[in-house]
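Chemist: File follows, target.txt with compact mmCIF, C-alpha atoms:
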# COMPACT_ATOMS: atom_id res chain seq x y z
CA MET A 1 12.11 2.53 -12.67
CA ILE A 2 13.94 4.74 -10.20
CA ARG A 3 11.85 5.67 -7.17
CA ARG A 4 11.50 9.39 -6.76
CA VAL A 5 10.33 9.97 -3.23
CA GLN A 6 13.06 12.60 -2.90
CA ASP A 7 11.69 14.61 -5.82
CA SER A 8 8.00 14.17 -5.19
CA SER A 9 5.61 16.94 -4.26
CA PRO A 10 3.91 16.97 -0.85
CA ASP A 11 0.61 16.01 -2.51
CA VAL A 12 2.19 12.89 -3.99
CA LEU A 13 3.93 12.03 -0.72
CA ALA A 14 0.58 12.24 1.07
CA LYS A 15 -0.83 9.70 -1.37
CA VAL A 16 2.19 7.42 -0.91
CA MET A 17 1.77 7.59 2.85
CA ASP A 18 -1.80 6.33 2.43
CA LEU A 19 -0.96 3.42 0.11
CA GLY A 20 -1.19 0.90 2.92
CA ALA A 21 -4.67 2.05 3.84
CA ARG A 22 -6.08 2.22 0.32
CA GLU A 23 -9.16 0.05 0.03
CA GLY A 24 -10.74 -1.74 -2.86
CA ASN A 25 -9.50 -3.78 -5.75
CA VAL A 26 -6.57 -2.37 -7.69
CA TRP A 27 -7.67 -3.79 -11.02
CA ASN A 28 -9.41 -1.30 -13.27
CA GLU A 29 -11.91 -1.54 -16.10
CA ASP A 30 -9.15 -2.31 -18.63
CA ASP A 31 -8.08 -5.37 -16.65
CA LEU A 32 -11.47 -6.98 -16.17
CA GLN A 33 -11.47 -9.10 -19.34
CA ALA A 34 -7.98 -10.42 -18.57
CA VAL A 35 -9.02 -11.21 -15.00
CA LEU A 36 -12.20 -12.94 -16.23
CA VAL A 37 -10.35 -15.08 -18.77
CA HIS A 38 -7.73 -15.96 -16.18
CA GLN A 39 -10.41 -16.90 -13.64
CA LEU A 40 -12.27 -19.01 -16.20
CA HIS A 41 -9.16 -21.16 -16.56
CA VAL A 42 -8.50 -21.63 -12.86
CA PRO A 43 -8.98 -25.33 -11.97
CA LEU A 44 -12.30 -25.91 -10.20
CA SER A 45 -10.57 -28.01 -7.57
CA PHE A 46 -8.24 -25.09 -6.77
CA ASP A 47 -11.14 -22.72 -6.00
CA LEU A 48 -13.87 -25.00 -4.68
CA SER A 49 -11.67 -26.94 -2.28
CA SER A 50 -11.36 -23.67 -0.35
CA LEU A 51 -15.03 -24.02 0.69
CA ASN A 52 -14.46 -27.03 2.94
CA GLU A 53 -12.94 -30.52 2.92
CA GLU A 54 -16.16 -32.24 1.88
CA ALA A 55 -16.62 -29.86 -1.02
CA GLY A 56 -13.06 -30.65 -2.08
CA ARG A 57 -13.78 -34.38 -2.15
CA THR A 58 -17.08 -33.85 -4.01
CA VAL A 59 -15.37 -31.68 -6.60
CA ASP A 60 -12.63 -34.25 -7.16
CA ARG A 61 -15.24 -36.97 -7.72
CA LEU A 62 -17.38 -34.89 -10.09
CA ILE A 63 -14.41 -33.66 -12.06
CA SER A 64 -13.06 -37.18 -12.57
CA ASP A 65 -16.47 -38.25 -13.89
CA GLY A 66 -16.72 -35.32 -16.31
CA ASN A 67 -17.18 -36.08 -19.97
CA PRO A 68 -16.25 -33.85 -21.72
CA PRO A 69 -13.62 -32.93 -19.13
CA LEU A 70 -14.47 -30.50 -16.34
CA ARG A 71 -11.20 -28.97 -15.34
CA CYS A 72 -12.00 -25.31 -14.96
CA HIS A 73 -14.80 -22.73 -14.73
CA ALA A 74 -14.83 -22.35 -18.52
CA ASP A 75 -15.37 -26.11 -18.96
CA LEU A 76 -18.28 -25.98 -16.50
CA LEU A 77 -20.02 -23.04 -18.20
CA GLN A 78 -19.69 -24.61 -21.65
CA HIS A 79 -20.54 -28.18 -20.61
CA PRO A 80 -23.70 -29.63 -22.28
CA ASN A 81 -24.67 -31.56 -19.12
CA PRO A 82 -22.92 -29.94 -16.18
CA PRO A 83 -23.33 -31.70 -12.82
CA LEU A 84 -25.82 -29.68 -10.77
CA GLU A 85 -23.82 -30.28 -7.60
CA LEU A 86 -20.76 -28.73 -9.17
CA LEU A 87 -22.78 -25.69 -10.30
CA GLN A 88 -24.13 -25.32 -6.77
CA LEU A 89 -20.65 -25.46 -5.24
CA THR A 90 -19.36 -22.99 -7.80
CA LYS A 91 -22.22 -20.60 -7.06
CA GLN A 92 -21.52 -20.98 -3.34
CA PHE A 93 -17.84 -20.20 -3.92
CA LEU A 94 -18.66 -17.08 -5.95
CA LYS A 95 -21.15 -15.90 -3.35
CA THR A 96 -18.42 -16.21 -0.72
CA VAL A 97 -16.06 -14.20 -2.92
CA LEU A 98 -18.71 -11.51 -3.45
CA LYS A 99 -19.25 -11.20 0.30
CA SER A 100 -15.53 -11.14 1.12
CA ARG A 101 -13.94 -7.86 2.13
CA ASP A 102 -10.60 -8.85 0.67
CA ASP A 103 -11.54 -8.30 -2.98
CA LEU A 104 -9.77 -11.45 -4.08
CA LEU A 105 -11.68 -11.21 -7.35
CA PRO A 106 -13.02 -7.94 -8.80
CA ARG A 107 -16.69 -7.78 -7.88
CA PRO A 108 -17.92 -7.33 -11.48
CA VAL A 109 -16.02 -10.47 -12.55
CA ALA A 110 -17.33 -12.48 -9.60
CA ALA A 111 -20.87 -11.22 -10.30
CA VAL A 112 -20.73 -12.17 -14.00
CA LEU A 113 -19.56 -15.68 -13.13
CA TYR A 114 -22.19 -15.92 -10.37
CA TYR A 115 -25.04 -15.08 -12.77
CA ALA A 116 -23.57 -17.25 -15.53
CA THR A 117 -23.42 -20.25 -13.18
CA ILE A 118 -27.04 -19.75 -12.12
CA LEU A 119 -28.09 -19.34 -15.75
CA VAL A 120 -26.33 -22.51 -16.85
CA ALA A 121 -28.14 -24.43 -14.09
CA ILE A 122 -31.45 -23.05 -15.37
CA MET A 123 -30.76 -23.59 -19.08
CA ARG A 124 -29.10 -26.99 -18.95
CA CYS A 125 -30.26 -28.61 -15.70
CA HIS A 126 -33.66 -26.87 -15.46
CA GLU A 127 -32.91 -26.16 -11.84
CA ARG A 128 -32.95 -22.94 -9.90
CA ILE A 129 -29.93 -22.83 -7.57
CA THR A 130 -30.65 -19.40 -6.10
CA SER A 131 -33.28 -17.78 -3.93
CA LEU A 132 -33.08 -14.51 -5.87
CA ASP A 133 -36.51 -13.50 -7.24
CA ASP A 134 -37.25 -13.48 -10.98
CA LYS A 135 -36.95 -9.71 -11.36
CA THR A 136 -33.55 -9.55 -9.66
CA LEU A 137 -32.32 -12.54 -11.59
CA MET A 138 -33.36 -11.18 -14.99
CA ALA A 139 -31.85 -7.78 -14.14
CA GLY A 140 -28.62 -9.59 -13.23
CA PHE A 141 -28.53 -11.46 -16.54
CA ASP A 142 -29.18 -8.24 -18.47
CA TRP A 143 -26.51 -6.38 -16.53
CA ALA A 144 -23.97 -9.13 -17.20
CA LEU A 145 -24.73 -9.12 -20.94
CA GLN A 146 -24.08 -5.38 -21.10
CA GLN A 147 -20.55 -5.65 -19.75
CA PRO A 148 -18.18 -4.72 -22.61
CA TRP A 149 -15.31 -6.78 -21.22
CA LEU A 150 -17.06 -10.18 -21.44
CA ASP A 151 -15.17 -12.79 -23.43
CA GLU A 152 -17.12 -14.46 -26.23
CA PRO A 153 -17.79 -17.85 -24.61
CA THR A 154 -19.20 -16.20 -21.47
CA ARG A 155 -21.18 -13.71 -23.53
CA SER A 156 -22.68 -16.60 -25.47
CA VAL A 157 -24.14 -18.01 -22.23
CA PHE A 158 -26.07 -14.78 -21.65
CA VAL A 159 -26.95 -14.30 -25.33
CA GLU A 160 -28.44 -17.78 -25.39
CA ALA A 161 -30.71 -16.85 -22.50
CA HIS A 162 -31.44 -13.37 -23.85
CA GLY A 163 -32.53 -14.62 -27.26
CA ASP A 164 -34.81 -17.22 -25.80
CA ARG A 165 -35.90 -15.94 -22.40
CA PRO A 166 -35.62 -18.96 -20.14
CA THR A 167 -38.57 -20.14 -18.17
CA LEU A 168 -37.34 -19.77 -14.66
CA PRO A 169 -37.91 -22.82 -12.48
CA PRO A 170 -39.97 -21.91 -9.42
CA LEU A 171 -38.32 -20.82 -6.21
CA GLY A 172 -37.61 -23.63 -3.79
CA ARG A 173 -36.13 -26.09 -6.25
CA GLY A 174 -32.45 -26.93 -6.09
CA GLN A 175 -31.43 -23.78 -4.24
CA GLY A 176 -27.90 -23.90 -2.86
CA MET B 1 -8.45 -19.75 -1.49
CA ALA B 2 -5.15 -19.44 -3.28
CA ASN B 3 -2.83 -18.34 -0.58
CA SER B 4 -3.33 -19.18 3.03
CA ASN B 5 -0.39 -17.13 4.24
CA SER B 6 -1.42 -14.22 6.37
CA PRO B 7 -0.67 -11.22 4.16
CA GLY B 8 1.88 -8.82 5.53
CA ASN B 9 2.47 -10.94 8.59
CA VAL B 10 6.08 -10.04 9.21
CA SER B 11 7.88 -8.33 12.04
CA PHE B 12 10.89 -6.07 11.86
CA PRO B 13 13.05 -6.10 14.96
CA THR B 14 14.49 -2.69 15.59
CA THR B 15 16.51 -0.97 18.22
CA HIS B 16 14.38 1.64 19.88
CA TRP B 17 16.55 4.49 20.99
CA THR B 18 14.40 5.24 24.04
CA SER B 19 14.66 1.65 25.22
CA VAL B 20 18.36 2.04 25.75
CA TYR B 21 18.61 5.54 27.04
CA GLY B 22 19.03 6.08 30.70
CA VAL B 23 22.72 5.41 30.63
CA ALA B 24 24.33 8.47 29.09
CA GLY B 25 26.99 7.56 26.62
CA ASN B 26 25.82 3.96 26.39
CA ASP B 27 27.16 2.53 23.11
CA ALA B 28 23.89 0.91 22.06
CA SER B 29 21.87 4.07 22.66
CA SER B 30 24.42 6.18 20.82
CA ASP B 31 24.38 3.77 17.89
CA ALA B 32 20.60 3.77 17.69
CA LEU B 33 20.45 7.52 17.95
CA GLY B 34 23.27 7.92 15.47
CA ARG B 35 21.37 5.86 12.91
CA LEU B 36 18.21 7.88 13.46
CA LEU B 37 20.02 11.18 13.08
CA THR B 38 21.85 10.04 9.98
CA ARG B 39 18.55 9.01 8.42
CA TYR B 40 16.76 12.23 9.28
CA LEU B 41 19.70 14.59 8.79
CA PRO B 42 18.04 16.10 5.69
CA ALA B 43 15.15 17.19 7.90
CA LEU B 44 17.52 19.00 10.25
CA ARG B 45 19.28 20.52 7.26
CA ALA B 46 15.95 21.66 5.79
CA HIS B 47 15.16 23.35 9.09
CA LEU B 48 18.45 25.23 9.08
CA ILE B 49 18.01 26.34 5.48
CA SER B 50 14.46 27.43 6.18
CA ILE B 51 15.71 29.76 8.91
CA ARG B 52 17.93 31.25 6.18
CA LEU B 53 21.25 29.85 7.29
CA LYS B 54 23.71 29.67 4.41
CA PRO B 55 23.99 26.09 3.12
CA ASP B 56 27.71 25.68 3.82
CA LEU B 57 27.30 27.04 7.32
CA ALA B 58 24.26 24.85 7.87
CA GLU B 59 26.46 21.89 7.03
CA ASP B 60 29.16 23.03 9.48
CA LEU B 61 26.60 23.55 12.19
CA LEU B 62 25.10 20.12 11.63
CA GLN B 63 28.48 18.45 11.84
CA ASP B 64 29.24 20.29 15.07
CA PHE B 65 25.83 19.33 16.40
CA ILE B 66 26.32 15.64 15.65
CA LEU B 67 29.80 15.64 17.13
CA ASP B 68 28.81 17.48 20.26
CA LYS B 69 25.39 16.02 20.95
CA VAL B 70 25.59 12.51 19.58
CA ILE B 71 29.20 11.37 19.51
CA LYS B 72 29.86 12.87 22.91
CA GLY B 73 26.60 11.41 24.13
CA ARG B 74 25.04 14.61 25.39
CA LEU B 75 21.77 14.17 23.52
CA ILE B 76 21.09 10.95 25.38
CA SER B 77 21.41 12.64 28.74
CA HIS B 78 18.94 15.33 27.64
CA ALA B 79 16.56 12.69 26.31
CA ASP B 80 16.56 10.91 29.62
CA HIS B 81 14.46 13.69 31.10
CA TYR B 82 12.33 14.48 28.05
CA ARG B 83 8.75 13.27 27.88
CA GLY B 84 7.60 14.73 24.55
CA LYS B 85 7.90 13.51 21.00
CA PHE B 86 11.34 12.67 19.68
CA ARG B 87 11.04 14.95 16.65
CA THR B 88 10.03 17.89 18.82
CA PHE B 89 12.77 17.08 21.29
CA LEU B 90 15.36 17.00 18.53
CA LEU B 91 14.15 20.31 17.10
CA ASN B 92 14.29 21.92 20.55
CA VAL B 93 17.82 20.68 21.19
CA LEU B 94 18.89 21.88 17.76
CA GLY B 95 17.24 25.25 18.42
CA ASN B 96 19.18 25.66 21.65
CA TYR B 97 22.33 24.53 19.93
CA ILE B 98 21.84 27.14 17.19
CA ILE B 99 21.63 29.91 19.80
CA SER B 100 24.84 28.84 21.50
CA TRP B 101 26.51 28.29 18.12
CA TYR B 102 25.58 31.83 17.03
CA ARG B 103 27.03 33.16 20.25
CA ARG B 104 30.26 31.28 19.67
CA GLN B 105 30.43 32.59 16.08
CA ALA B 106 29.83 36.14 17.31
CA SER B 107 32.55 35.75 19.93
CA MET B 108 34.89 34.74 17.13
CA GLY B 109 34.04 37.95 15.29
CA ARG B 110 31.67 36.49 12.70
CA HIS B 111 28.65 38.72 12.40
CA PRO B 112 25.39 36.72 12.52
CA LYS B 113 23.92 38.59 9.55
CA ARG B 114 26.71 37.28 7.34
CA LEU B 115 25.71 33.77 8.25
CA THR B 116 22.29 34.03 6.68
CA VAL B 117 21.08 34.24 3.10
CA ASP B 118 19.57 37.54 2.00
CA LEU B 119 16.12 37.21 0.54
CA ASP B 120 17.17 38.97 -2.65
CA GLU B 121 19.79 36.28 -3.26
CA GLY B 122 16.81 34.27 -4.36
CA LEU B 123 17.68 31.08 -2.53
CA VAL B 124 14.96 31.37 0.01
CA SER B 125 11.60 33.03 -0.28
CA SER B 126 9.93 34.95 2.47
CA ASP B 127 6.70 33.10 1.68
CA GLY B 128 8.32 29.65 1.69
CA PRO B 129 7.30 27.06 4.25
CA GLY B 130 8.00 27.83 7.86
CA PRO B 131 10.87 26.08 9.64
CA THR B 132 8.69 23.49 11.33
CA LEU B 133 6.84 22.64 8.14
CA ALA B 134 10.10 22.28 6.21
CA TYR B 135 11.40 20.00 8.94
CA ASP B 136 8.23 17.88 9.03
CA LEU B 137 8.05 17.59 5.26
CA GLU B 138 11.66 16.48 4.90
CA TRP B 139 11.25 14.04 7.79
CA ALA B 140 8.21 12.51 6.09
CA ARG B 141 10.19 12.22 2.86
CA GLU B 142 13.02 10.34 4.58
CA LEU B 143 10.54 8.17 6.43
CA LEU B 144 8.80 7.08 3.24
CA ASP B 145 12.09 6.53 1.46
CA GLU B 146 13.32 4.32 4.29
CA THR B 147 10.01 2.44 4.47
CA LEU B 148 10.10 1.63 0.77
CA ARG B 149 13.78 0.69 0.89
CA ARG B 150 13.15 -1.76 3.74
CA MET B 151 10.07 -3.22 2.10
CA GLU B 152 11.90 -3.86 -1.16
CA GLN B 153 14.87 -5.40 0.63
CA HIS B 154 12.70 -7.61 2.82
CA LEU B 155 10.58 -8.91 -0.06
CA LYS B 156 13.56 -9.63 -2.25
CA GLU B 157 15.50 -11.34 0.51
CA SER B 158 12.48 -13.42 1.54
CA GLY B 159 11.92 -14.63 -2.00
CA ARG B 160 8.69 -12.70 -2.66
CA PRO B 161 9.63 -10.40 -5.53
CA GLU B 162 6.11 -10.74 -6.93
CA VAL B 163 4.67 -8.78 -3.99
CA TRP B 164 7.13 -5.94 -4.62
CA GLY B 165 6.47 -6.15 -8.36
CA VAL B 166 2.70 -5.90 -7.98
CA PHE B 167 2.92 -3.22 -5.28
CA THR B 168 5.16 -1.01 -7.38
CA GLY B 169 3.50 -1.81 -10.71
CA ARG B 170 -0.05 -1.19 -9.59
CA LEU B 171 0.23 1.20 -6.66
CA LEU B 172 3.56 2.91 -6.05
CA ASP B 173 4.73 3.85 -9.54
CA PRO B 174 1.31 5.14 -10.67
CA THR B 175 1.25 7.30 -7.53
CA LEU B 176 4.84 8.51 -7.65
CA HIS B 177 5.25 8.93 -11.40
CA GLU B 178 1.67 9.08 -12.64
CA ALA B 179 2.68 6.00 -14.64
CA GLU B 180 0.09 3.73 -16.21
CA PRO B 181 -0.47 0.75 -13.93
CA ILE B 182 1.14 -2.42 -15.30
CA ALA B 183 -1.58 -4.41 -17.05
CA TYR B 184 -2.96 -7.49 -15.35
CA ASP B 185 -1.88 -9.69 -18.27
CA VAL B 186 1.71 -8.51 -17.96
CA LEU B 187 1.79 -9.18 -14.22
CA ILE B 188 0.42 -12.67 -14.73
CA GLN B 189 3.09 -13.47 -17.29
CA ARG B 190 5.85 -11.89 -15.25
CA PHE B 191 5.07 -13.55 -11.93
CA GLY B 192 3.17 -16.67 -12.93
CA PHE B 193 0.12 -16.21 -10.74
CA GLN B 194 -2.13 -19.26 -11.02
CA SER B 195 -5.33 -17.35 -10.33
CA PRO B 196 -6.68 -13.81 -9.91
CA SER B 197 -6.95 -14.47 -6.18
CA GLN B 198 -3.20 -15.10 -6.00
CA ALA B 199 -2.55 -11.81 -7.75
CA ALA B 200 -5.01 -10.03 -5.45
CA ASN B 201 -3.33 -11.62 -2.44
CA ALA B 202 -0.01 -10.17 -3.57
CA VAL B 203 -1.62 -6.72 -3.67
CA ILE B 204 -3.15 -7.14 -0.22
CA THR B 205 0.16 -8.41 1.18
CA GLY B 206 2.00 -5.44 -0.32
CA LYS B 207 -0.42 -2.89 1.13
CA ARG B 208 -0.37 -4.45 4.59
CA MET B 209 3.38 -4.81 4.60
CA PHE B 210 3.88 -1.18 3.59
CA HIS B 211 1.60 -0.14 6.45
CA ARG B 212 3.46 -2.31 8.97
CA ILE B 213 6.92 -1.18 7.91
CA LEU B 214 5.86 2.46 7.93
CA ARG B 215 4.67 2.03 11.49
CA SER B 216 7.72 0.05 12.61
CA THR B 217 10.04 2.68 11.11
CA ILE B 218 8.24 5.40 13.06
CA GLY B 219 8.28 3.05 16.04
CA GLU B 220 12.05 3.37 16.22
CA TYR B 221 11.61 6.80 17.73
CA ALA B 222 7.96 6.92 18.88
CA ARG B 223 7.21 5.62 22.33
CA ASP B 224 3.99 3.70 21.69
CA GLU B 225 1.24 2.90 19.20
CA SER B 226 -0.72 6.06 19.95
CA GLU B 227 2.34 8.19 19.25
CA ILE B 228 2.82 6.35 15.95
CA ASP B 229 -0.80 7.21 15.06
CA GLU B 230 -0.16 10.80 16.05
CA GLU B 231 2.97 10.96 13.91
CA ILE B 232 1.10 9.70 10.86
CA ARG B 233 -1.66 12.26 11.45
CA ASP B 234 0.93 15.04 11.84
CA PHE B 235 2.69 14.05 8.63
CA ARG B 236 -0.59 13.98 6.71
CA GLN B 237 -1.42 17.43 7.99
CA ALA B 238 2.06 18.76 7.16
CA LEU B 239 1.97 17.26 3.67
CA GLU B 240 -1.47 18.70 3.01
CA GLN B 241 -0.36 22.09 4.27
CA ALA B 242 2.79 22.02 2.19
CA GLY B 243 0.87 20.76 -0.82
CA ALA B 244 -1.38 23.78 -0.63
CA MET B 245 1.63 26.07 -0.97
CA ASN B 246 3.34 26.89 -4.18
CA THR B 247 5.26 23.80 -5.29
CA GLN B 248 7.83 25.90 -7.07
CA MET B 249 8.64 27.68 -3.85
CA LEU B 250 9.02 24.40 -2.00
CA ARG B 251 11.59 23.04 -4.41
CA LYS B 252 13.84 26.08 -3.92
CA TRP B 253 14.87 24.93 -0.50
Can you turn what I pasted into structure tokens?
Modeler:
Amino acid sequence: MIRRVQDSSPDVLAKVMDLGAREGNVWNEDDLQAVLVHQLHVPLSFDLSSLNEEAGRTVDRLISDGNPPLRCHADLLQHPNPPLELLQLTKQFLKTVLKSRDDLLPRPVAAVLYYATILVAIMRCHERITSLDDKTLMAGFDWALQQPWLDEPTRSVFVEAHGDRPTLPPLGRGQG
Amino acid sequence: MANSNSPGNVSFPTTHWTSVYGVAGNDASSDALGRLLTRYLPALRAHLISIRLKPDLAEDLLQDFILDKVIKGRLISHADHYRGKFRTFLLNVLGNYIISWYRRQASMGRHPKRLTVDLDEGLVSSDGPGPTLAYDLEWARELLDETLRRMEQHLKESGRPEVWGVFTGRLLDPTLHEAEPIAYDVLIQRFGFQSPSQAANAVITGKRMFHRILRSTIGEYARDESEIDEEIRDFRQALEQAGAMNTQMLRKW
């Protein structure tokens, strides 16, 4: 496309001048499902090794032991017996992303994965890996389920919990 | 996370015209100044048109101005003693040159009124932007054009076309053309990002690089960081002011 700075109105030029200072994620509502699906297929070692060296080694060990395979976030969320340690590291990674100012992942996508990871730990490991209280946690699960851009496998994680409200393990157990 | 490179961490060596002035007629200073004037010539032209000079005469005057003030090195000697902003300095020198040029034309028997456009010729409106606003607006236009040209060239030459692709696809084209932003899926396929964080990093890099190049381009004529800040504020103000005026009127000049 030919750039048209020369033909643009002053209003448009003012917006162009501010492009470098524009804050926030550039992905919009229409992109969220694509971003989520893409993120679900990012190798766990790729993301979690960014936490620290030890985490990287732990992830490599847990992934190599995985059966069925545990290559990516999607594998972890759908795994019948996911390693608790891997869920804790994943939650820690997502918490870091949510706190980051760089918006490396759209906040709604990071939040959905954050709640899904916590929920999988509750449903399949019977462990609570967060210090969030019950009310906040349930509100988070409900919010995630209402997002229209969820892919089916991720939605199924929340539907499973919604249909049969999980008994939340008490605070203080397994919190990462 | 995905990319450990510091986004936008790139420097652009430039020749600052004020760093070489002090020796009137110095080749390096003349070259630097010549490049600046060539780039921002449309701003000077816009100023002349906005004071109702006929376009062909505006062109003649500009050529004379460049020849006399730049090629003969006289602008540098003026600049040596000037402490204000370069754009203001240039406008002042041009203003003085216009007065002496008019006098020369009058001495040659050309009546000043014949040098200007009548309002009823419809080329210029009496409620169009003032000369300074026209000058500022055109300067800002050239500045942005140059910034984008340099950014594209740098990213392509440094083997990072994905940063330019994401910057234009998600930010620049939707702003300039009101185009739909290129979908995330399409960008992933086109540039092969391995993760959303890589794609986001490309966006962050693009935004920071645009900001840095904009500042370095202004830095070729501004004296320091605070003057660069001031320039950006002035341009914002001028663009807002011009935007509030009738767009149709603006396009006539």
Chemist: Please provide as a ChimeraX atom specification all residues within 12 Å of stretch 52-58 of chain A, with the sequence filter that same-chain residues fewer than 2 positions apart are discarded (counting all atoms listed in the file).
Modeler: /A:43-50,60-65,83-90,92-93 /B:1
Chemist: If you take only C-alpha atoms and a cut-off of 7 Å, which residues of chain B touch chain A, and what are their nearest atom pairs and distances in Å to one decimal, in chain and number order, as CSV?
Modeler:
residue,atom,partner,partner_atom,distance
B:Met1,CA,A:Ser50,CA,5.0
B:Arg141,CA,A:Gln6,CA,6.4
B:Asp145,CA,A:Val5,CA,6.1
B:Arg170,CA,A:Val26,CA,6.9
B:Leu172,CA,A:Val16,CA,7.0
B:Thr175,CA,A:Val12,CA,6.7
B:Leu176,CA,A:Val12,CA,6.3
B:Ala183,CA,A:Asp31,CA,6.6
B:Tyr184,CA,A:Asp31,CA,5.7
B:Asp185,CA,A:Ala34,CA,6.2
B:Ser195,CA,A:Val42,CA,5.9
B:Pro196,CA,A:Gln39,CA,6.1
B:Ser197,CA,A:Leu104,CA,4.6
B:Ala200,CA,A:Leu104,CA,5.2
B:Asn201,CA,A:Leu104,CA,6.6
B:Lys207,CA,A:Gly20,CA,4.3
B:Arg208,CA,A:Gly20,CA,5.7
B:Phe210,CA,A:Gly20,CA,5.5
B:His211,CA,A:Gly20,CA,4.6
B:Arg236,CA,A:Ala14,CA,6.0
B:Leu239,CA,A:Pro10,CA,4.9
B:Glu240,CA,A:Asp11,CA,6.5
B:Ala242,CA,A:Pro10,CA,6.0
B:Gly243,CA,A:Pro10,CA,4.9
B:Thr247,CA,A:Ser9,CA,6.9
Chemist: Between atom CA of A:Arg124 and atom CA of A:Pro82, what distance in Å does the model show, to one decimal?
Modeler: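 So the two atoms, atom CA of A:Arg124 and atom CA of A:Pro82, lie 7.4 Å apart.
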Chemist: Just give me the gap between atom CA of B:Arg103 and atom CA of B:Asp60 in Å, one decimal is fine.
Modeler: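 Interatomic distance, atom CA of B:Arg103 to atom CA of B:Asp60: 14.9 Å.
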Chemist: Smallest atom-to-atom distance to B:Ile49: which of B:Leu33, B:His154, B:Thr132, B:Gly206, using all atoms listed in the file?
Modeler: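 Going through B:Leu33, B:His154, B:Thr132, B:Gly206 one by one, the smallest distance to B:Ile49 is for B:Thr132.
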Chemist: Grab the atom CA of B:Phe235 to atom CA of B:Tyr221 distance for me, in Å with one decimal place.
Modeler: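 That distance, rounded to one decimal, is 14.7 Å.
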Chemist: Which one of B:Met108, B:Ile232, B:Ile188, B:Val203 sits closest to B:Arg215 if you count only C-alpha atoms?
Modeler: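 Among the listed residues, B:Ile232 lies closest to B:Arg215.
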Chemist: Counting all atoms listed in the file, which of A:Leu113, A:Lys135, A:Ile118, A:His126 gets nearest to A:Asp151?
Modeler: A:Leu113
Chemist: Report the centre and edge lengths, in Å to one decimal, of an axis-aligned box enclosing every atom of stretch 11-23 of chain A listed in the file, padded by 8 Å on each side, as lines of an AutoDock Vina configuration file.
Modeler:
center_x = -2.6
center_y = 8.0
center_z = -0.1
size_x = 29.1
size_y = 32.0
size_z = 23.8
Chemist: With distances taken over only C-alpha atoms, which residue among B:Glu146, B:Glu227, B:Asp136, B:Glu178 lies nearest B:Leu90?
Modeler: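 Counting only C-alpha atoms, the residue closest to B:Leu90 is B:Asp136.
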Chemist: Can you list, as number ranges by chain, every protein, DNA or RNA residue that comes within 9 Å of B:Leu41 when you count all atoms listed in the file, leaving out same-chain residues fewer than 6 positions away?
Modeler: B: 62, 139, 142
